[in-house]
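Peer 1: If you scroll down you'll find the structure; I have some questions about it.
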Amino acid sequence: MIFSKQLTFSDQQAITGDAASTNILDLGVPGTVYGASAAMKQDIGPGDKIPLLVQVTEDFNNLTNLKISIEVDSTTAFSSPKQLASQAILLSELKVGKQFSVDCIPNGADERYMRIHYDVSGTNPSTGKVTAGITMGVQTNG
């Protein structure tokens, strides 16, 4: 899988408890087209699909499941994040090479900043890493 460093949320990020992705994407501020009285509406969800991939790069232990959420907010502090989508993955599936893809960035990505949040259920793991980001496509080998 090919990830762009600029579109990567997590690069071999160890998940040892609830955590936000190491990187936050700045989606920018929409401009105002010539002759318009207001800036364009921002929402990168509609239109062509933008695939997002989360891949396990080290086996997890201890936890019951890991919930992966895509969040947006108007500030980098994420003091009031809006959750666009989430998926809970059981420990038995959190093995090296396992890919969890989001077919596309969902509608509602209408704030400036985007991140992934990892929510651990059960005991905090002492092993387990992920790489996550926006890709050109998701290899399925199927």
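Going by the structure tokens order, chains are called A, B, ..., each with residues numbered from 1, while ligands are numbered from 1 in the order shown.
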Need the shell around region 96-101 of chain A: protein/DNA/RNA residues with any atom at most 6 Å away, counting only C-alpha atoms. Skip same-chain ones fewer than 2 positions apart. Format as a PDB file with all heavy atoms, in the first residue's frame?
Peer 2:
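Listing of part_1.pdb after writing:
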ATOM      1  N   LEU A  52      -9.724   5.494   2.667  1.00  0.00           N
ATOM      2  CA  LEU A  52      -8.933   5.626   3.879  1.00  0.00           C
ATOM      3  C   LEU A  52      -8.652   4.211   4.379  1.00  0.00           C
ATOM      4  O   LEU A  52      -9.538   3.368   4.360  1.00  0.00           O
ATOM      5  CB  LEU A  52      -9.731   6.412   4.916  1.00  0.00           C
ATOM      6  CG  LEU A  52      -9.001   6.806   6.186  1.00  0.00           C
ATOM      7  CD1 LEU A  52      -9.545   8.139   6.673  1.00  0.00           C
ATOM      8  CD2 LEU A  52      -9.126   5.784   7.257  1.00  0.00           C
ATOM      9  N   LEU A  53      -7.420   3.951   4.793  1.00  0.00           N
ATOM     10  CA  LEU A  53      -7.028   2.617   5.215  1.00  0.00           C
ATOM     11  C   LEU A  53      -6.360   2.654   6.579  1.00  0.00           C
ATOM     12  O   LEU A  53      -5.530   3.527   6.845  1.00  0.00           O
ATOM     13  CB  LEU A  53      -6.049   2.013   4.200  1.00  0.00           C
ATOM     14  CG  LEU A  53      -5.450   0.655   4.574  1.00  0.00           C
ATOM     15  CD1 LEU A  53      -6.492  -0.440   4.450  1.00  0.00           C
ATOM     16  CD2 LEU A  53      -4.261   0.352   3.689  1.00  0.00           C
ATOM     17  N   VAL A  54      -6.721   1.702   7.436  1.00  0.00           N
ATOM     18  CA  VAL A  54      -6.036   1.475   8.711  1.00  0.00           C
ATOM     19  C   VAL A  54      -5.505   0.045   8.640  1.00  0.00           C
ATOM     20  O   VAL A  54      -6.268  -0.887   8.364  1.00  0.00           O
ATOM     21  CB  VAL A  54      -6.990   1.626   9.915  1.00  0.00           C
ATOM     22  CG1 VAL A  54      -6.254   1.354  11.206  1.00  0.00           C
ATOM     23  CG2 VAL A  54      -7.633   3.000   9.932  1.00  0.00           C
ATOM     24  N   GLN A  55      -4.191  -0.127   8.858  1.00  0.00           N
ATOM     25  CA  GLN A  55      -3.579  -1.449   8.780  1.00  0.00           C
ATOM     26  C   GLN A  55      -2.808  -1.750  10.057  1.00  0.00           C
ATOM     27  O   GLN A  55      -2.064  -0.911  10.560  1.00  0.00           O
ATOM     28  CB  GLN A  55      -2.635  -1.530   7.586  1.00  0.00           C
ATOM     29  CG  GLN A  55      -2.024  -2.904   7.419  1.00  0.00           C
ATOM     30  CD  GLN A  55      -1.349  -3.084   6.072  1.00  0.00           C
ATOM     31  OE1 GLN A  55      -1.475  -2.258   5.191  1.00  0.00           O
ATOM     32  NE2 GLN A  55      -0.642  -4.181   5.918  1.00  0.00           N
ATOM     33  N   VAL A  56      -3.002  -2.962  10.578  1.00  0.00           N
ATOM     34  CA  VAL A  56      -2.280  -3.407  11.773  1.00  0.00           C
ATOM     35  C   VAL A  56      -0.855  -3.762  11.361  1.00  0.00           C
ATOM     36  O   VAL A  56      -0.643  -4.529  10.419  1.00  0.00           O
ATOM     37  CB  VAL A  56      -2.978  -4.618  12.424  1.00  0.00           C
ATOM     38  CG1 VAL A  56      -2.194  -5.122  13.625  1.00  0.00           C
ATOM     39  CG2 VAL A  56      -4.402  -4.262  12.829  1.00  0.00           C
ATOM     40  N   THR A  57       0.141  -3.195  12.065  1.00  0.00           N
ATOM     41  CA  THR A  57       1.546  -3.459  11.743  1.00  0.00           C
ATOM     42  C   THR A  57       2.268  -4.206  12.868  1.00  0.00           C
ATOM     43  O   THR A  57       3.426  -4.570  12.720  1.00  0.00           O
ATOM     44  CB  THR A  57       2.288  -2.147  11.419  1.00  0.00           C
ATOM     45  OG1 THR A  57       2.165  -1.255  12.525  1.00  0.00           O
ATOM     46  CG2 THR A  57       1.711  -1.489  10.177  1.00  0.00           C
ATOM     47  N   GLU A  58       1.579  -4.399  13.991  1.00  0.00           N
ATOM     48  CA  GLU A  58       2.081  -5.233  15.087  1.00  0.00           C
ATOM     49  C   GLU A  58       0.875  -5.816  15.795  1.00  0.00           C
ATOM     50  O   GLU A  58      -0.096  -5.100  16.057  1.00  0.00           O
ATOM     51  CB  GLU A  58       2.921  -4.399  16.068  1.00  0.00           C
ATOM     52  CG  GLU A  58       3.449  -5.204  17.258  1.00  0.00           C
ATOM     53  CD  GLU A  58       4.246  -4.342  18.242  1.00  0.00           C
ATOM     54  OE1 GLU A  58       3.604  -3.628  19.049  1.00  0.00           O
ATOM     55  OE2 GLU A  58       5.481  -4.385  18.181  1.00  0.00           O
ATOM     56  N   ASP A  59       0.922  -7.131  16.091  1.00  0.00           N
ATOM     57  CA  ASP A  59      -0.191  -7.792  16.781  1.00  0.00           C
ATOM     58  C   ASP A  59      -0.536  -7.074  18.087  1.00  0.00           C
ATOM     59  O   ASP A  59       0.351  -6.643  18.818  1.00  0.00           O
ATOM     60  CB  ASP A  59       0.167  -9.238  17.128  1.00  0.00           C
ATOM     61  CG  ASP A  59       0.240 -10.145  15.909  1.00  0.00           C
ATOM     62  OD1 ASP A  59      -0.113  -9.703  14.803  1.00  0.00           O
ATOM     63  OD2 ASP A  59       0.653 -11.310  16.078  1.00  0.00           O
ATOM     64  N   ASP A 103     -14.530   2.711   2.913  1.00  0.00           N
ATOM     65  CA  ASP A 103     -14.698   2.821   1.469  1.00  0.00           C
ATOM     66  C   ASP A 103     -14.418   4.236   0.983  1.00  0.00           C
ATOM     67  O   ASP A 103     -13.813   4.439  -0.051  1.00  0.00           O
ATOM     68  CB  ASP A 103     -16.108   2.377   1.091  1.00  0.00           C
ATOM     69  CG  ASP A 103     -16.344   2.378  -0.406  1.00  0.00           C
ATOM     70  OD1 ASP A 103     -15.429   1.964  -1.142  1.00  0.00           O
ATOM     71  OD2 ASP A 103     -17.434   2.791  -0.834  1.00  0.00           O
TER      72      ASP A 103
END
Peer 1: Might you pull out every residue within 10 Å of Leu84 (chain A), with only C-alpha atoms counted and same-chain residues fewer than 4 positions away left off, and present them as number ranges by chain?
Peer 2: A: 45, 69-72, 105-109, 114
Peer 1: Any chance you can output those residues with C-alpha atoms as a short mmCIF file (atom, residue, chain, number, x, y, z; two decimals), in the first residue's frame?
Peer 2:
data_model
loop_
_atom_site.label_atom_id
_atom_site.label_comp_id
_atom_site.auth_asym_id
_atom_site.auth_seq_id
_atom_site.Cartn_x
_atom_site.Cartn_y
_atom_site.Cartn_z
CA GLY A 45 -17.15 13.58 1.59
CA SER A 69 -13.27 6.65 14.60
CA ILE A 70 -12.87 9.33 11.94
CA GLU A 71 -13.33 12.77 13.49
CA VAL A 72 -13.37 16.37 12.28
CA ILE A 105 -14.45 9.66 3.60
CA PRO A 106 -18.09 10.02 4.70
CA ASN A 107 -20.29 13.03 4.05
CA GLY A 108 -20.11 15.56 6.85
CA ALA A 109 -16.35 16.19 6.65
CA MET A 114 -9.48 15.60 10.49
#
